[in-house]
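Visitor: Got a structure for you, questions after.
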Amino acid sequence: MNSILVKRLFATAMCAAVFAQPLLLASCKNKDKDKGKPADYGTYGADIAREIASQYPDRAAYSEGESQTGAYIEGKIKELGFTPEIQTFQKEGDGKTEAKSSANYIVKIPGTGFYCAQDGGGYEIEHRVAIIGTHYDAAILPAYKPKADAKKDSKDKKTKETEAPKYVFDGISDNASGTACVLTALKAFKEYKDVGYDVWFVFFGAGTDNHNGAEEFCKALSKEEFYSIDVMYNIDSLYSGDKVYASSGFKSLQKNRKYEMRRKLYQTYDVCFTNTLNTNYGFDLYYNEACIKGLDIDDDGYKDVFSEVPIAISDYKAFDDRFIPIVYFESFDYNYTSMEKMRETKNLTLQDFDGTVRGTPADCTAFLDSILVEEDKDRDGDGEIDCTGDRLQIRINCVAFIVCEALLKGSDKGMTPAEYEAFKIESTRQTFYSETTKATETSASSETSDTSDTSESSETSESSESSATATTKKASN
């Protein structure tokens, strides 16, 4: 009777679970909907990028425009409730030119730290650092600079004097977009709690002068600071290229160091693909899979495979040269069969400079917006507009989101306090289980031994009794 009752109750529970499943799924969907879309940061970053480009179009390294851009960034940082550290540096004159100065703007946000294994045994808290950096200056390549003695003969012009010029260089892509993305990440990061990493947001000056700001930053690091850095995320030129790529540094090409130097890169892909960035925004994060073989890319005397590394050199170089893992974000197009043919874009309307935008007059807000900004979209097909058509906004927000979420992947060298507590609980459970199992086995072994001894004693007793009986009978006879 009890067996039949149990079976009926089990069957009833299973039916209830089956019928309740649609309701549970609906509840989950509503919960996800209420939670909101990832990377939903609005126009904050795109507005900043366009503001920098319009207000400070001439912000070459060490220029007044660069200095004004730095002051603008400082103001934005303070609006977010932080006080930046300003690291000034100089470029010495060469006899023909005077010394020039620039500055890096640094925001350091402490984390919880990580419990790291010690050589003597046990675990102790250590603070590991993740850097999110970009350069805020911009410069047109020398070949495209207007000449001072250019003649203003209207007969040689293809357009009328009254027409607006097609290009007015302002560096919207390189690198107002990267600067705005780091500010967006800083704003978004305020909502993150209990992050293990100490996170440093750095805006480098003089990036277009051989990445001088990043180099000076690295030179100023103490030994302790240097060895505490796990990764540097470098964000650069997000607007004009056909796709957004993430790449590792050239030191990752060295034998036996590939995974060590690329682990953080793979984590960014994981963040992108496990969230709904493509569903909500049509955004994908690509990696260079050209796989061109037979090239000595890093000049170390060995043939390399050109894959998962970039062509462009940027602020990351100072860190990569020091064997700090880097992740470099940029917009480009690596879908070519040779490095010589590779360009930022195959867009037919952006071929005035052979598909190159960075450092050319085509890096112009009005020009790029007229080509790359589309109409807002209804991506989920419910009849309501739910996605902007502004490529700049989408890319700035999605990259900022990816970087912030990648920080949650933690350090390869330790555990966050929460992870450490879980580790201790599990270790205690395993120890208890092991000791309990051992005690049980010992007890069982003892009982088996006692049973065996009793059995042997009984057999011996029976044998003795039989022997005694036989002896008695023989004596009687």
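Identifiers for the structure tokens are assigned positionally: chains receive A, B, ... in sequence, residues are indexed from 1 per chain, and ligands are indexed from 1 in the order shown.
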Which residues are near Phe217 (chain A)? Cut-off 10 Å, only C-alpha atoms, ignore same chain within fewer than 5 positions. Put them as number ranges by chain.
Guide: A: 87-89, 103-104, 106, 202, 204-205, 212, 318-319
Visitor: What would the file look like if the residues just selected were written as an mmCIF file, in the first residue's frame with C-alpha atoms?
Guide:
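The new file again16.cif reads:
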data_model
loop_
_atom_site.group_PDB
_atom_site.id
_atom_site.type_symbol
_atom_site.label_atom_id
_atom_site.label_comp_id
_atom_site.auth_asym_id
_atom_site.auth_seq_id
_atom_site.Cartn_x
_atom_site.Cartn_y
_atom_site.Cartn_z
ATOM 1 C CA GLN A 87 51.554 62.169 -14.732
ATOM 2 C CA THR A 88 53.430 64.785 -16.769
ATOM 3 C CA PHE A 89 56.425 63.984 -18.938
ATOM 4 C CA ALA A 103 50.484 64.146 -19.625
ATOM 5 C CA ASN A 104 48.863 60.850 -18.740
ATOM 6 C CA ILE A 106 45.256 57.896 -14.421
ATOM 7 C CA VAL A 202 44.830 55.355 -18.192
ATOM 8 C CA PHE A 204 47.933 58.352 -22.535
ATOM 9 C CA GLY A 205 49.299 61.561 -24.009
ATOM 10 C CA ASN A 212 55.522 57.982 -25.741
ATOM 11 C CA ALA A 318 55.264 49.393 -24.148
ATOM 12 C CA PHE A 319 53.549 46.609 -22.169
#
Visitor: List every residue of region 330-407 of chain A that has an atom at most 10 Å from any atom of region 111-135 of chain A, and for each one report the closest atom pair and its distance in Å to one decimal, counting only C-alpha atoms, with rows sorted by chain and then by increasing residue number, as JSON lines.
Guide:
{"residue": "A:Ala400", "atom": "CA", "partner": "A:Ile132", "partner_atom": "CA", "distance": 9.7}
{"residue": "A:Val403", "atom": "CA", "partner": "A:Ile132", "partner_atom": "CA", "distance": 8.0}
{"residue": "A:Cys404", "atom": "CA", "partner": "A:Ile132", "partner_atom": "CA", "distance": 9.3}
{"residue": "A:Leu407", "atom": "CA", "partner": "A:Ala130", "partner_atom": "CA", "distance": 7.6}
Visitor: Go ahead and save the picked residues with C-alpha atoms, as a JSON list (two decimals), in the first residue's frame.
Guide:
[["chain", "number", "residue", "atom", "x", "y", "z"],
["A", 400, "ALA", "CA", 33.40, 48.88, -22.89],
["A", 403, "VAL", "CA", 36.38, 44.82, -21.05],
["A", 404, "CYS", "CA", 34.45, 45.30, -17.79],
["A", 407, "LEU", "CA", 37.73, 41.64, -15.45]]
Visitor: Can you tell me which residues surround region 390-399 of chain A at a distance of at most 6 Å, considering only C-alpha atoms, apart from same-chain residues fewer than 3 positions away, and format the answer as number ranges by chain?
Guide: A: 39, 46, 181, 239, 373, 402
Visitor: I'd like the neighbourhood of Glu79 (chain A) as a VMD selection string, where a residue qualifies if any of its atoms comes within 10 Å (using only C-alpha atoms), though same-chain residues fewer than 5 positions away should be ignored.
Guide: chain A and resid 73 to 74 187
Visitor: Write a file of the selected residues as a PDB file, in the first residue's frame, keeping C-alpha atoms.
Guide:
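The resulting out18.pdb:
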ATOM      1  CA  ILE A  73      39.144  64.267 -19.943  1.00  0.00           C
ATOM      2  CA  GLU A  74      40.074  65.344 -16.419  1.00  0.00           C
ATOM      3  CA  LYS A 187      31.376  55.009 -15.907  1.00  0.00           C
TER       4      LYS A 187
END
Visitor: When DSSP works through the backbone of this structure, what residues of region 74-275 of chain A end up as alpha helix (DSSP H), shown as a PDB file with C-alpha atoms, in the first residue's frame?
Guide:
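Full text of out.pdb as output:
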ATOM      1  CA  GLU A  74      40.074  65.344 -16.419  1.00  0.00           C
ATOM      2  CA  GLY A  75      36.729  67.122 -16.165  1.00  0.00           C
ATOM      3  CA  LYS A  76      34.830  64.036 -17.334  1.00  0.00           C
ATOM      4  CA  ILE A  77      36.672  61.889 -14.815  1.00  0.00           C
ATOM      5  CA  LYS A  78      35.747  64.266 -11.992  1.00  0.00           C
ATOM      6  CA  GLU A  79      32.106  64.257 -13.127  1.00  0.00           C
ATOM      7  CA  GLY A 178      38.932  54.858 -28.040  1.00  0.00           C
ATOM      8  CA  THR A 179      39.076  57.715 -25.537  1.00  0.00           C
ATOM      9  CA  ALA A 180      35.284  57.757 -25.258  1.00  0.00           C
ATOM     10  CA  CYS A 181      35.198  53.982 -24.855  1.00  0.00           C
ATOM     11  CA  VAL A 182      37.553  54.054 -21.853  1.00  0.00           C
ATOM     12  CA  LEU A 183      35.460  56.815 -20.252  1.00  0.00           C
ATOM     13  CA  THR A 184      32.357  54.691 -20.895  1.00  0.00           C
ATOM     14  CA  ALA A 185      34.039  51.699 -19.264  1.00  0.00           C
ATOM     15  CA  LEU A 186      34.988  53.872 -16.281  1.00  0.00           C
ATOM     16  CA  LYS A 187      31.376  55.009 -15.907  1.00  0.00           C
ATOM     17  CA  ALA A 188      30.039  51.456 -16.269  1.00  0.00           C
ATOM     18  CA  PHE A 189      32.602  50.047 -13.838  1.00  0.00           C
ATOM     19  CA  ASN A 212      55.522  57.982 -25.741  1.00  0.00           C
ATOM     20  CA  GLY A 213      52.856  58.369 -23.045  1.00  0.00           C
ATOM     21  CA  ALA A 214      52.560  54.603 -22.570  1.00  0.00           C
ATOM     22  CA  GLU A 215      56.334  54.238 -22.512  1.00  0.00           C
ATOM     23  CA  GLU A 216      56.731  56.950 -19.877  1.00  0.00           C
ATOM     24  CA  PHE A 217      53.968  55.343 -17.839  1.00  0.00           C
ATOM     25  CA  CYS A 218      55.781  51.997 -17.821  1.00  0.00           C
ATOM     26  CA  LYS A 219      59.115  53.612 -16.962  1.00  0.00           C
ATOM     27  CA  LYS A 223      59.114  47.132  -9.291  1.00  0.00           C
ATOM     28  CA  GLU A 224      56.177  46.051  -7.134  1.00  0.00           C
ATOM     29  CA  GLU A 225      53.661  47.740  -9.441  1.00  0.00           C
ATOM     30  CA  PHE A 226      55.239  46.244 -12.547  1.00  0.00           C
ATOM     31  CA  TYR A 227      55.087  42.670 -11.253  1.00  0.00           C
ATOM     32  CA  SER A 228      51.497  43.118 -10.104  1.00  0.00           C
ATOM     33  CA  LYS A 258      51.311  31.509 -26.736  1.00  0.00           C
ATOM     34  CA  TYR A 259      48.590  30.466 -24.296  1.00  0.00           C
ATOM     35  CA  GLU A 260      50.151  32.309 -21.375  1.00  0.00           C
ATOM     36  CA  MET A 261      50.169  35.545 -23.370  1.00  0.00           C
ATOM     37  CA  ARG A 262      46.783  35.003 -25.063  1.00  0.00           C
ATOM     38  CA  ARG A 263      44.639  33.697 -22.206  1.00  0.00           C
ATOM     39  CA  LYS A 264      43.149  37.141 -21.541  1.00  0.00           C
ATOM     40  CA  LEU A 265      42.424  37.550 -25.247  1.00  0.00           C
ATOM     41  CA  TYR A 266      40.374  34.347 -25.277  1.00  0.00           C
ATOM     42  CA  GLN A 267      38.442  35.527 -22.241  1.00  0.00           C
ATOM     43  CA  THR A 268      37.219  38.589 -24.170  1.00  0.00           C
ATOM     44  CA  TYR A 269      35.861  36.349 -26.908  1.00  0.00           C
ATOM     45  CA  ASP A 270      34.099  34.294 -24.258  1.00  0.00           C
ATOM     46  CA  VAL A 271      32.428  37.417 -22.852  1.00  0.00           C
ATOM     47  CA  CYS A 272      31.216  38.495 -26.280  1.00  0.00           C
ATOM     48  CA  PHE A 273      29.859  35.111 -27.306  1.00  0.00           C
ATOM     49  CA  THR A 274      28.156  34.277 -23.995  1.00  0.00           C
TER      50      THR A 274
END
Visitor: Between A:Ile229, A:Leu141, A:Ala206, A:Leu221, single out the one closest to Lys413 (chain A), counting only C-alpha atoms.
Guide: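 Of A:Ile229, A:Leu141, A:Ala206, A:Leu221, the one nearest Lys413 (chain A) is A:Ile229, counting only C-alpha atoms.
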